[in-house]
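Listing of protein_9.cif, mmCIF, C-alpha atoms
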```cif
data_protein
loop_
_atom_site.label_atom_id
_atom_site.label_comp_id
_atom_site.auth_asym_id
_atom_site.auth_seq_id
_atom_site.Cartn_x
_atom_site.Cartn_y
_atom_site.Cartn_z
CA MET A 936 121.95 79.97 104.80
CA ASP A 937 122.65 80.20 101.05
CA ALA A 938 122.38 83.32 98.89
CA LYS A 939 118.83 82.52 97.78
CA GLU A 940 117.63 81.99 101.35
CA ARG A 941 119.22 85.28 102.38
CA ARG A 942 117.38 87.05 99.54
CA THR A 943 114.09 85.52 100.65
CA LEU A 944 114.87 86.66 104.19
CA ILE A 945 114.90 90.28 102.93
CA VAL A 946 111.29 90.15 101.77
CA LYS A 947 110.15 88.02 104.71
CA ARG A 948 111.62 90.53 107.16
CA ILE A 949 109.98 93.52 105.50
CA ALA A 950 106.64 91.68 105.44
CA ARG A 951 106.93 91.27 109.23
CA ASP A 952 106.85 95.08 109.66
CA PHE A 953 103.43 95.32 108.00
CA THR A 954 100.30 95.57 110.07
CA ASP A 955 96.71 94.75 109.28
CA GLY A 956 94.90 97.24 107.06
CA MET A 957 97.93 99.07 105.68
CA LEU A 958 97.91 100.43 102.12
CA VAL A 959 101.16 99.43 100.43
CA ASN A 960 102.75 99.92 97.01
CA LEU A 961 105.34 97.31 96.01
CA GLY A 962 107.93 97.91 93.29
CA ILE A 963 108.65 95.48 90.47
CA GLY A 964 110.99 92.52 91.15
CA MET A 965 112.05 91.47 94.67
CA PRO A 966 109.66 93.95 96.39
CA THR A 967 106.66 92.26 94.74
CA GLN A 968 107.44 89.07 96.72
CA VAL A 969 106.79 90.82 100.06
CA ALA A 970 103.08 90.13 99.52
CA ASN A 971 103.79 86.37 99.65
CA TYR A 972 105.15 86.45 103.21
CA LEU A 973 102.68 88.52 105.21
CA PRO A 974 102.29 87.30 108.79
CA GLU A 975 99.24 85.24 109.71
CA GLY A 976 96.16 87.44 110.08
CA VAL A 977 97.76 90.49 108.44
CA HIS A 978 95.93 91.72 105.38
CA VAL A 979 97.29 94.72 103.51
CA LEU A 980 95.74 96.44 100.52
CA LEU A 981 98.10 96.81 97.58
CA GLN A 982 97.96 99.93 95.45
CA SER A 983 98.83 99.67 91.76
CA GLU A 984 99.84 103.11 90.52
CA ASN A 985 98.28 102.54 87.09
CA GLY A 986 94.94 103.00 88.78
CA PHE A 987 93.54 100.72 91.46
CA ILE A 988 93.63 99.54 95.05
CA GLY A 989 93.21 95.85 95.74
CA LEU A 990 95.90 94.29 93.55
CA GLY A 991 95.56 90.50 93.55
CA PRO A 992 97.35 87.63 91.81
CA ALA A 993 96.81 86.76 88.15
CA PRO A 994 93.97 84.25 87.71
CA ALA A 995 95.23 80.65 87.79
CA ASP A 996 93.01 79.78 84.83
CA PRO A 997 94.29 81.61 81.70
CA ALA A 998 90.71 81.74 80.42
CA GLU A 999 89.84 84.09 83.30
CA ILE A 1000 92.55 86.65 82.46
CA ASP A 1001 90.99 90.07 81.81
CA PRO A 1002 93.15 92.20 79.45
CA ASP A 1003 91.74 95.33 81.14
CA VAL A 1004 93.21 94.30 84.53
CA VAL A 1005 96.99 94.72 84.49
CA ASN A 1006 99.62 95.86 86.99
CA ALA A 1007 102.05 98.76 86.51
CA GLY A 1008 104.32 96.43 84.55
CA GLY A 1009 101.50 95.60 82.12
CA GLN A 1010 101.15 92.03 83.44
CA PRO A 1011 97.74 90.40 84.03
CA VAL A 1012 96.55 90.53 87.66
CA SER A 1013 93.23 90.62 89.49
CA ILE A 1014 91.36 93.11 91.66
CA VAL A 1015 90.30 91.70 95.03
CA ALA A 1016 86.82 92.15 96.51
CA GLY A 1017 86.57 95.65 97.97
CA GLY A 1018 89.08 97.02 95.46
CA CYS A 1019 88.43 100.17 93.47
CA THR A 1020 89.66 101.76 90.24
CA PHE A 1021 90.58 105.38 89.50
CA ASP A 1022 92.47 107.61 87.08
CA SER A 1023 96.16 108.54 87.22
CA CYS A 1024 95.52 111.93 88.90
CA THR A 1025 93.69 110.24 91.77
CA SER A 1026 96.31 107.50 91.90
CA PHE A 1027 99.07 110.05 92.46
CA ALA A 1028 96.96 112.10 94.86
CA ILE A 1029 96.83 108.89 96.91
CA ILE A 1030 100.62 108.50 96.56
CA ARG A 1031 101.84 112.10 96.98
CA GLY A 1032 99.17 112.95 99.50
CA GLY A 1033 100.58 110.57 102.13
CA HIS A 1034 97.78 108.00 101.89
CA VAL A 1035 100.12 105.10 101.08
CA ASP A 1036 101.46 103.74 104.38
CA ALA A 1037 104.56 102.09 102.96
CA THR A 1038 106.38 101.41 99.73
CA VAL A 1039 109.09 98.86 99.01
CA LEU A 1040 111.56 99.53 96.20
CA GLY A 1041 114.76 98.02 94.90
CA THR A 1042 117.82 100.19 94.29
CA LEU A 1043 121.16 100.71 92.61
CA GLU A 1044 122.51 102.89 95.44
CA VAL A 1045 121.29 104.25 98.78
CA ASP A 1046 123.22 106.53 101.11
CA GLN A 1047 123.47 107.32 104.83
CA GLU A 1048 121.32 110.45 104.42
CA GLY A 1049 118.45 108.46 102.93
CA ASN A 1050 119.12 109.55 99.37
CA ILE A 1051 118.35 106.94 96.75
CA ALA A 1052 119.46 106.41 93.14
CA ASN A 1053 117.54 103.72 91.29
CA TRP A 1054 116.26 105.14 88.03
CA MET A 1055 119.15 105.70 85.63
CA ILE A 1056 122.79 104.99 84.81
CA PRO A 1057 124.07 107.80 82.58
CA GLY A 1058 124.97 106.47 79.13
CA LYS A 1059 123.69 102.99 79.93
CA MET A 1060 120.18 102.75 81.28
CA LEU A 1061 117.43 105.34 81.00
CA PRO A 1062 114.06 103.62 81.42
CA GLY A 1063 112.41 106.68 82.96
CA MET A 1064 111.39 107.20 86.55
CA GLY A 1065 107.77 106.12 86.11
CA GLY A 1066 106.06 106.62 89.47
CA ALA A 1067 109.16 106.04 91.63
CA MET A 1068 109.93 109.71 92.37
CA ASP A 1069 106.35 110.35 93.49
CA LEU A 1070 106.24 107.18 95.60
CA LEU A 1071 109.47 107.98 97.40
CA VAL A 1072 108.33 111.49 98.23
CA GLY A 1073 104.76 110.57 99.15
CA ALA A 1074 104.76 107.18 100.90
CA ARG A 1075 104.75 107.51 104.68
CA LYS A 1076 107.49 104.92 105.08
CA VAL A 1077 110.02 103.92 102.43
CA TYR A 1078 111.68 100.48 102.55
CA VAL A 1079 114.55 99.61 100.27
CA ALA A 1080 114.98 95.89 99.55
CA THR A 1081 118.36 95.15 98.03
CA GLU A 1082 121.40 92.94 98.02
CA HIS A 1083 124.09 94.53 100.18
CA VAL A 1084 126.66 94.69 97.35
CA THR A 1085 126.56 94.75 93.55
CA LYS A 1086 127.27 91.70 91.37
CA ASP A 1087 130.90 92.88 91.30
CA GLY A 1088 131.02 93.05 95.09
CA ALA A 1089 130.91 96.87 95.36
CA PRO A 1090 128.95 98.37 98.30
CA LYS A 1091 125.46 99.72 97.55
CA LEU A 1092 125.12 101.41 100.96
CA LEU A 1093 127.18 104.54 100.43
CA GLU A 1094 128.25 107.73 102.16
CA ARG A 1095 126.83 109.66 99.19
CA CYS A 1096 125.02 108.35 96.10
CA ARG A 1097 127.04 108.77 92.90
CA LEU A 1098 124.28 108.08 90.38
CA PRO A 1099 121.54 110.65 89.67
CA LEU A 1100 119.09 110.66 92.58
CA THR A 1101 115.52 109.44 92.44
CA ALA A 1102 114.74 111.27 95.69
CA GLN A 1103 116.52 113.18 98.42
CA GLY A 1104 116.42 111.99 102.04
CA GLU A 1105 113.26 109.90 101.67
CA VAL A 1106 114.47 106.39 102.61
CA ASN A 1107 113.61 105.15 106.12
CA VAL A 1108 114.70 101.50 106.20
CA VAL A 1109 117.12 99.41 104.14
CA VAL A 1110 116.89 95.63 104.36
CA THR A 1111 119.68 93.64 102.70
CA ASP A 1112 121.00 90.09 102.65
CA MET A 1113 123.24 91.14 105.57
CA GLY A 1114 120.93 93.04 107.87
CA TYR A 1115 118.16 95.51 108.75
CA PHE A 1116 119.24 99.17 108.79
CA GLU A 1117 117.41 102.34 109.77
CA ILE A 1118 118.49 105.65 108.27
CA THR A 1119 119.33 107.97 111.19
CA PRO A 1120 121.01 111.39 111.36
CA ASP A 1121 124.21 109.53 112.32
CA GLY A 1122 124.15 107.02 109.46
CA PHE A 1123 122.99 103.44 108.83
CA LEU A 1124 121.86 102.05 112.18
CA MET A 1125 122.10 98.23 111.99
CA LYS A 1126 119.36 96.88 114.23
CA GLU A 1127 119.38 93.28 113.04
CA ILE A 1128 121.96 91.04 111.40
CA VAL A 1129 121.50 87.97 109.21
CA PRO A 1130 122.52 84.76 111.04
CA GLY A 1131 125.99 83.57 110.01
CA ILE A 1132 127.20 87.07 109.07
CA THR A 1133 129.62 88.98 111.32
CA VAL A 1134 129.55 92.69 112.12
CA GLU A 1135 133.04 92.94 110.59
CA GLU A 1136 131.75 91.48 107.32
CA VAL A 1137 128.92 94.02 107.23
CA GLN A 1138 131.37 96.84 107.97
CA ALA A 1139 133.68 95.71 105.14
CA ALA A 1140 130.77 95.60 102.67
CA THR A 1141 129.36 99.03 103.64
CA ALA A 1142 130.79 102.31 102.33
CA GLY A 1143 128.53 104.62 104.35
CA ARG A 1144 128.79 105.26 108.08
CA LEU A 1145 127.57 102.19 109.98
CA ILE A 1146 126.38 102.24 113.58
CA ILE A 1147 125.64 99.02 115.43
CA ALA A 1148 122.57 99.05 117.66
CA PRO A 1149 123.49 98.25 121.28
CA ASP A 1150 120.75 95.62 121.28
CA LEU A 1151 121.67 94.10 117.89
CA LYS A 1152 119.51 91.05 117.15
CA GLU A 1153 119.57 88.26 114.61
CA ILE A 1154 116.98 88.56 111.84
CA THR A 1155 114.36 85.88 112.03
CA ALA A 1156 111.97 85.19 109.20
CA MET B 1485 73.43 115.81 67.84
CA SER B 1486 75.25 112.51 68.07
CA LYS B 1487 79.03 112.60 68.52
CA ALA B 1488 79.40 109.18 66.94
CA THR B 1489 81.46 109.22 63.78
CA GLY B 1490 83.40 106.86 61.53
CA LEU B 1491 87.05 105.94 61.86
CA GLU B 1492 87.94 107.50 58.51
CA HIS B 1493 86.44 110.88 59.41
CA ALA B 1494 88.03 110.89 62.87
CA MET B 1495 91.48 110.10 61.53
CA SER B 1496 91.18 112.69 58.74
CA LEU B 1497 91.40 115.30 61.52
CA ILE B 1498 94.91 114.17 62.55
CA LEU B 1499 97.62 116.03 60.66
CA ASP B 1500 101.41 116.03 60.38
CA GLY B 1501 103.18 117.88 63.18
CA MET B 1502 100.34 117.75 65.69
CA SER B 1503 100.78 117.20 69.43
CA ILE B 1504 98.71 114.21 70.51
CA MET B 1505 97.90 112.90 73.97
CA VAL B 1506 97.32 109.15 73.91
CA GLY B 1507 95.59 107.43 76.83
CA GLY B 1508 96.81 104.12 78.22
CA PHE B 1509 99.41 102.56 80.49
CA MET B 1510 101.72 100.01 78.89
CA ALA B 1511 99.04 100.01 76.14
CA ALA B 1512 96.18 99.05 78.51
CA GLY B 1513 93.63 101.77 77.77
CA THR B 1514 95.27 102.85 74.50
CA PRO B 1515 93.01 103.16 71.42
CA GLU B 1516 94.80 100.54 69.28
CA THR B 1517 92.44 100.99 66.33
CA PHE B 1518 93.47 104.66 66.15
CA MET B 1519 97.15 103.71 66.40
CA ASP B 1520 96.75 101.28 63.48
CA ALA B 1521 94.86 103.91 61.44
CA LEU B 1522 97.58 106.52 62.05
CA VAL B 1523 100.24 104.02 60.96
CA GLU B 1524 98.26 103.42 57.78
CA LYS B 1525 97.70 107.14 57.22
CA GLY B 1526 101.43 107.77 57.72
CA VAL B 1527 101.17 111.08 59.63
CA ARG B 1528 104.63 112.27 60.68
CA ASP B 1529 106.53 114.62 62.99
CA LEU B 1530 104.11 113.96 65.82
CA THR B 1531 104.63 115.01 69.42
CA ILE B 1532 103.20 112.16 71.50
CA ILE B 1533 102.27 112.66 75.16
CA CYS B 1534 101.63 109.32 76.84
CA ASN B 1535 102.42 107.65 80.16
CA ASP B 1536 105.02 105.46 78.47
CA GLY B 1537 106.60 104.46 75.16
CA GLY B 1538 104.25 101.49 74.77
CA LEU B 1539 105.68 98.14 73.75
CA PRO B 1540 107.74 97.53 70.59
CA ASP B 1541 104.64 97.12 68.40
CA LYS B 1542 101.80 97.93 70.77
CA GLY B 1543 100.22 101.21 71.84
CA VAL B 1544 102.19 104.31 70.84
CA GLY B 1545 105.08 101.90 70.13
CA LYS B 1546 103.45 101.33 66.72
CA LEU B 1547 103.98 104.99 65.77
CA ILE B 1548 107.48 105.07 67.27
CA LEU B 1549 108.54 101.94 65.38
CA ARG B 1550 107.60 103.61 62.08
CA ARG B 1551 109.46 106.84 62.92
CA GLN B 1552 106.27 108.93 62.98
CA VAL B 1553 107.17 110.54 66.31
CA LYS B 1554 109.65 113.40 66.57
CA ARG B 1555 109.16 113.99 70.29
CA LEU B 1556 107.86 111.73 73.07
CA ILE B 1557 106.81 113.09 76.47
CA ALA B 1558 106.42 110.17 78.91
CA SER B 1559 107.24 108.87 82.39
CA HIS B 1560 108.62 105.46 81.45
CA VAL B 1561 110.11 104.00 78.26
CA GLY B 1562 111.81 100.88 79.64
CA LEU B 1563 109.49 98.32 78.01
CA ASN B 1564 110.17 99.56 74.47
CA PRO B 1565 113.88 99.28 73.51
CA GLU B 1566 113.13 101.09 70.24
CA VAL B 1567 112.65 104.33 72.23
CA ALA B 1568 116.19 104.14 73.68
CA ARG B 1569 117.58 103.30 70.25
CA GLN B 1570 115.96 106.31 68.54
CA MET B 1571 116.80 108.56 71.49
CA ASN B 1572 120.49 107.57 71.48
CA ALA B 1573 120.64 107.92 67.67
CA GLY B 1574 119.24 111.45 67.97
CA GLU B 1575 116.19 110.50 65.88
CA MET B 1576 113.56 111.29 68.53
CA GLN B 1577 113.51 113.73 71.42
CA VAL B 1578 112.37 112.11 74.67
CA ASP B 1579 111.26 114.12 77.70
CA LEU B 1580 110.96 112.01 80.87
CA ILE B 1581 108.60 113.31 83.54
CA PRO B 1582 107.63 111.72 86.88
CA GLN B 1583 104.32 109.93 86.40
CA GLY B 1584 102.35 111.88 88.99
CA THR B 1585 103.73 115.14 87.66
CA LEU B 1586 102.81 114.19 84.09
CA ALA B 1587 99.23 113.35 85.12
CA GLU B 1588 98.83 116.55 87.12
CA ARG B 1589 100.37 118.78 84.40
CA ILE B 1590 97.77 117.38 82.00
CA ARG B 1591 94.98 117.93 84.53
CA CYS B 1592 96.16 121.53 85.04
CA GLY B 1593 96.13 122.04 81.27
CA GLY B 1594 92.50 121.01 81.15
CA ALA B 1595 91.40 122.65 84.38
CA GLY B 1596 92.44 126.20 83.59
CA LEU B 1597 95.25 126.26 86.14
CA GLY B 1598 98.58 127.99 85.64
CA GLY B 1599 100.57 125.21 87.26
CA PHE B 1600 101.01 123.44 90.57
CA LEU B 1601 103.58 122.84 93.29
CA THR B 1602 104.93 119.33 93.88
CA PRO B 1603 107.63 117.93 96.17
CA THR B 1604 108.34 115.23 93.58
CA GLY B 1605 111.76 115.64 91.97
CA VAL B 1606 113.25 118.06 94.50
CA GLY B 1607 117.02 117.48 94.65
CA THR B 1608 117.04 115.46 91.40
CA VAL B 1609 117.64 116.30 87.72
CA VAL B 1610 113.89 116.96 87.47
CA GLN B 1611 114.48 120.16 89.43
CA GLU B 1612 116.87 121.62 86.80
CA GLY B 1613 115.61 124.90 85.36
CA LYS B 1614 112.50 124.99 87.55
CA GLN B 1615 111.39 127.57 90.05
CA THR B 1616 111.28 126.31 93.64
CA ILE B 1617 108.86 127.65 96.22
CA THR B 1618 108.97 126.94 99.96
CA ILE B 1619 105.70 126.64 101.84
CA ASP B 1620 105.60 125.86 105.56
CA GLY B 1621 109.26 124.84 105.38
CA ARG B 1622 108.86 122.32 102.58
CA THR B 1623 110.37 122.87 99.12
CA TYR B 1624 108.22 122.38 96.02
CA LEU B 1625 108.85 122.59 92.28
CA LEU B 1626 106.61 124.77 90.15
CA GLU B 1627 105.32 122.55 87.35
CA LEU B 1628 103.46 124.02 84.39
CA PRO B 1629 100.34 122.85 82.57
CA LEU B 1630 100.49 120.62 79.51
CA LYS B 1631 98.04 120.80 76.60
CA ALA B 1632 97.81 119.21 73.15
CA ASP B 1633 96.13 119.61 69.79
CA VAL B 1634 94.42 116.23 70.07
CA ALA B 1635 93.64 113.60 72.71
CA LEU B 1636 93.02 110.03 71.57
CA LEU B 1637 91.25 108.03 74.25
CA ARG B 1638 90.04 104.52 74.87
CA ALA B 1639 86.82 103.96 76.81
CA HIS B 1640 84.54 100.99 77.34
CA ARG B 1641 81.15 102.58 76.82
CA ALA B 1642 79.86 105.92 75.56
CA ASP B 1643 76.47 107.44 74.99
CA THR B 1644 75.93 109.56 71.90
CA THR B 1645 76.47 112.79 73.88
CA GLY B 1646 80.06 111.65 74.49
CA ASN B 1647 79.76 110.62 78.15
CA LEU B 1648 82.40 107.96 78.79
CA VAL B 1649 82.80 104.98 81.11
CA TYR B 1650 86.12 103.14 81.39
CA ARG B 1651 86.81 99.58 82.54
CA ARG B 1652 89.17 98.44 85.30
CA SER B 1653 92.78 99.59 84.93
CA THR B 1654 92.27 101.13 81.47
CA ARG B 1655 91.11 104.48 82.89
CA ASN B 1656 94.61 105.77 83.86
CA PHE B 1657 95.50 108.90 81.81
CA ASN B 1658 92.31 108.98 79.72
CA PRO B 1659 90.18 111.26 81.98
CA PRO B 1660 92.78 114.04 82.46
CA MET B 1661 93.70 113.93 78.76
CA ALA B 1662 90.01 114.31 77.86
CA MET B 1663 90.17 117.78 79.43
CA ALA B 1664 93.49 118.98 78.03
CA ALA B 1665 93.24 118.89 74.22
CA ASP B 1666 91.50 121.02 71.59
CA LEU B 1667 90.09 117.97 69.84
CA VAL B 1668 89.13 114.84 71.79
CA ILE B 1669 88.29 111.54 70.10
CA ALA B 1670 87.47 108.34 71.98
CA GLN B 1671 87.55 104.78 70.70
CA VAL B 1672 84.82 102.84 72.49
CA ASN B 1673 83.58 99.26 72.57
CA GLU B 1674 79.93 100.22 72.72
CA ILE B 1675 77.72 103.27 72.01
CA VAL B 1676 74.34 103.59 73.74
CA GLU B 1677 71.54 106.15 73.71
CA PRO B 1678 71.50 109.07 76.21
CA GLY B 1679 69.95 107.95 79.49
CA GLN B 1680 71.21 104.39 79.23
CA ILE B 1681 74.20 105.16 81.46
CA ASP B 1682 73.40 106.20 85.04
CA PRO B 1683 74.66 109.82 85.31
CA ASP B 1684 76.25 108.99 88.67
CA LEU B 1685 78.46 106.37 87.02
CA ILE B 1686 79.92 108.47 84.19
CA HIS B 1687 83.71 108.94 84.46
CA THR B 1688 84.30 111.57 81.74
CA PRO B 1689 81.53 114.11 81.09
CA GLY B 1690 80.65 114.29 77.40
CA VAL B 1691 81.33 118.03 77.37
CA PHE B 1692 85.04 117.24 77.02
CA VAL B 1693 84.57 114.84 74.09
CA ASN B 1694 84.20 115.84 70.42
CA TYR B 1695 83.83 112.47 68.70
CA ILE B 1696 83.33 108.83 69.59
CA VAL B 1697 84.21 105.96 67.28
CA LYS B 1698 82.99 102.41 67.86
CA ALA B 1699 85.83 100.00 67.16
#
```
Would you give me this structure, written as structure tokens?
Amino acid sequence: MDAKERRTLIVKRIARDFTDGMLVNLGIGMPTQVANYLPEGVHVLLQSENGFIGLGPAPADPAEIDPDVVNAGGQPVSIVAGGCTFDSCTSFAIIRGGHVDATVLGTLEVDQEGNIANWMIPGKMLPGMGGAMDLLVGARKVYVATEHVTKDGAPKLLERCRLPLTAQGEVNVVVTDMGYFEITPDGFLMKEIVPGITVEEVQAATAGRLIIAPDLKEITA
Amino acid sequence: MSKATGLEHAMSLILDGMSIMVGGFMAAGTPETFMDALVEKGVRDLTIICNDGGLPDKGVGKLILRRQVKRLIASHVGLNPEVARQMNAGEMQVDLIPQGTLAERIRCGGAGLGGFLTPTGVGTVVQEGKQTITIDGRTYLLELPLKADVALLRAHRADTTGNLVYRRSTRNFNPPMAMAADLVIAQVNEIVEPGQIDPDLIHTPGVFVNYIVKA
């Protein structure tokens, strides 16, 4: 499996956890692709924090693009049948109030206590947190979709985040191009491993405490 | 009495140094005609409260580009590199606030509330300098209301009493901002007579709105 296939496996695997009727908020980038790999017969409603439920793809015909229908990144999208629109207060009541079943976000760092840092690099990058802090605190289940190491090969799964946190202890599951990990009181519990990767390789690429599930399985798409 | 007025009159009410809430999310739902008019008028030293920093020359980005903003209060500025440039050069103060907290602080400002308790930001830099309160074992931050001199909104349709209806994803911050400013002016696509909008379908009651401008 090449690097691209392993990346695709991340979003395919997360999609397999979703069940019919869930309300989900997907972050920008890799998390957005989760919607493309939902299992047969599973329909989830996507929330867009700028103010609607029922996020759908951009119209194929550019003439049908409605400038009043954009996602949280300002890109043209559609609202599916049964969708509804609301203001930002209602949108974040939905998010903070525990009405979003799951969210999927990318990250810079995540640690063994479920802390996450994905909104700023001091002196380098300060885009603002947008809705990420609210989503992490409010979503019933938080998935992190990320490559296991940085471009320079440094671990992203840490004992303790070094960058400023986006939220404290809110992450439930981390899925990387090496495996599927649950955050437990004892550390990162690896429940599934990507085919072709060894446990030793995962251990070497992980800075936080890693526990291997006794019934470790291979990830299947 | 009709609340419809002309662009020139509406913009004559905006003065140097004012705090202004501007509706919209990445410029969707931002009154662009008002932004253009304020650029032309050249008002300065503004405090802008908006979800984001707009785009380089769209939404509130138009005012930022021309250095008319001394302070920006927003949740996200990543799509407008000019914000980071002015912030790093010390030319503009930028306060970053979690999006849900920003929306609720504005709602509190308009709803007569002294603040609210949110779990968002606990254990992060957002917590710095804030009072924490524990309820049923969970820690919350006390967040305070936010108000402004003016709110500039964008709606789809209004009647002459100022009742507003928004379209699709353009509603976003417009309704809470309508409640939280001393002077509220909405740019609308269409103005109809009272009774032509079903009262059950009105998003912002006209009582919050001072003027509407068709543009």
Next on the checklist: With only C-alpha atoms considered, list every residue of chain A at most 10 Å from chain B, as a count of residues only.
Outcome noted: 53
Could you give me the axis-aligned bounding box of region 1129-1145 of chain A, with 6 Å of padding per side, as centre plus edge lengths in Å to one decimal, as JSON?
```
{"center_x": 127.6, "center_y": 94.4, "center_z": 107.2, "size_x": 24.2, "size_y": 33.7, "size_z": 21.8}
```
Item to check | Explicit residue set for the PyMOL selection byres ((chain A and resi 1125-1136) around 7), as an MDAnalysis selection string | outcome: chainID A and resid 1112:1117 1123:1124 1137:1140 1146:1148 1151:1154
Item to check | Selection dump of the PyMOL selection byres ((chain B and resi 1642) around 10), as a PyMOL selection string | outcome: chain B and resi 1487-1488+1639-1641+1643-1650+1670-1678+1680-1681+1686+1688+1690+1696-1698
Checklist entry - Which residues fall under the PyMOL selection byres ((chain A and resi 962) around 8) in this file, as JSON, numbers by chain? => result {"A": [960, 961, 963, 964, 965, 966, 967, 1038, 1039, 1040, 1041]}
Neighbours of Val969 (chain A) within 7 Å (only C-alpha atoms; same-chain residues fewer than 4 positions away dropped), as a PDB file with C-alpha atoms, keeping the file's coordinate frame?
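Listing of result27.pdb after writing:
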```
ATOM      1  CA  VAL A 946     111.290  90.150 101.770  1.00  0.00           C
ATOM      2  CA  LYS A 947     110.150  88.020 104.710  1.00  0.00           C
ATOM      3  CA  ILE A 949     109.980  93.520 105.500  1.00  0.00           C
ATOM      4  CA  ALA A 950     106.640  91.680 105.440  1.00  0.00           C
ATOM      5  CA  LEU A 973     102.680  88.520 105.210  1.00  0.00           C
TER       6      LEU A 973
END
```
Next on the checklist: If I take CA of Cys1096 (chain A) and CA of Pro1057 (chain A), how far is one from the other in Å, to one decimal?
Outcome noted: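 We find that CA of Cys1096 (chain A) and CA of Pro1057 (chain A) lie 13.6 Å from each other.
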Any idea what's packed within 8 Å of Leu1093 (chain A), counting only C-alpha atoms, ignoring anything in its chain fewer than 6 positions away? Could you give it as a PDB file with C-alpha atoms, keeping the file's coordinate frame?
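Once everything was written out, this is result_16.pdb:
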```pdb
ATOM      1  CA  GLU A1044     122.510 102.890  95.440  1.00  0.00           C
ATOM      2  CA  VAL A1045     121.290 104.250  98.780  1.00  0.00           C
ATOM      3  CA  ASP A1046     123.220 106.530 101.110  1.00  0.00           C
ATOM      4  CA  GLN A1047     123.470 107.320 104.830  1.00  0.00           C
ATOM      5  CA  THR A1141     129.360  99.030 103.640  1.00  0.00           C
ATOM      6  CA  ALA A1142     130.790 102.310 102.330  1.00  0.00           C
ATOM      7  CA  GLY A1143     128.530 104.620 104.350  1.00  0.00           C
ATOM      8  CA  ARG A1144     128.790 105.260 108.080  1.00  0.00           C
TER       9      ARG A1144
END
```
Checklist entry - Which value, in Å to one decimal, gives the distance between CA of Leu1667 (chain B) and CA of Leu1549 (chain B)? => result 24.8 Å
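Near Leu1547 (chain B), within 9 Å and counting only C-alpha atoms, sit Met1519, Asp1520, Leu1522, Val1523, Gly1526, Arg1528, Leu1530, Asp1541 and Val1553 of chain B, not including residues fewer than 6 positions from it in the same chain.
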Fix up region 1578-1589 of chain B with N, CA and C atoms, then write it as an mmCIF file, in the coordinates of the input.
```
data_model
loop_
_atom_site.group_PDB
_atom_site.id
_atom_site.type_symbol
_atom_site.label_atom_id
_atom_site.label_comp_id
_atom_site.auth_asym_id
_atom_site.auth_seq_id
_atom_site.Cartn_x
_atom_site.Cartn_y
_atom_site.Cartn_z
ATOM 1 N N VAL B 1578 113.174 112.731 73.613
ATOM 2 C CA VAL B 1578 112.370 112.110 74.670
ATOM 3 C C VAL B 1578 112.461 112.953 75.932
ATOM 4 N N ASP B 1579 111.319 113.384 76.439
ATOM 5 C CA ASP B 1579 111.260 114.120 77.700
ATOM 6 C C ASP B 1579 110.676 113.193 78.757
ATOM 7 N N LEU B 1580 111.449 112.891 79.808
ATOM 8 C CA LEU B 1580 110.960 112.010 80.870
ATOM 9 C C LEU B 1580 110.473 112.837 82.054
ATOM 10 N N ILE B 1581 109.277 112.542 82.498
ATOM 11 C CA ILE B 1581 108.600 113.310 83.540
ATOM 12 C C ILE B 1581 108.062 112.334 84.583
ATOM 13 N N PRO B 1582 108.222 112.624 85.876
ATOM 14 C CA PRO B 1582 107.630 111.720 86.880
ATOM 15 C C PRO B 1582 106.131 111.518 86.614
ATOM 16 N N GLN B 1583 105.680 110.286 86.805
ATOM 17 C CA GLN B 1583 104.320 109.930 86.400
ATOM 18 C C GLN B 1583 103.233 110.798 87.023
ATOM 19 N N GLY B 1584 103.361 111.054 88.324
ATOM 20 C CA GLY B 1584 102.350 111.880 88.990
ATOM 21 C C GLY B 1584 102.381 113.310 88.497
ATOM 22 N N THR B 1585 103.580 113.778 88.182
ATOM 23 C CA THR B 1585 103.730 115.140 87.660
ATOM 24 C C THR B 1585 103.140 115.231 86.257
ATOM 25 N N LEU B 1586 103.367 114.207 85.447
ATOM 26 C CA LEU B 1586 102.810 114.190 84.090
ATOM 27 C C LEU B 1586 101.277 114.233 84.149
ATOM 28 N N ALA B 1587 100.693 113.394 85.004
ATOM 29 C CA ALA B 1587 99.230 113.350 85.120
ATOM 30 C C ALA B 1587 98.677 114.698 85.574
ATOM 31 N N GLU B 1588 99.336 115.298 86.561
ATOM 32 C CA GLU B 1588 98.830 116.550 87.120
ATOM 33 C C GLU B 1588 99.057 117.726 86.176
ATOM 34 N N ARG B 1589 100.155 117.708 85.396
ATOM 35 C CA ARG B 1589 100.370 118.780 84.400
ATOM 36 C C ARG B 1589 99.257 118.738 83.360
#
```
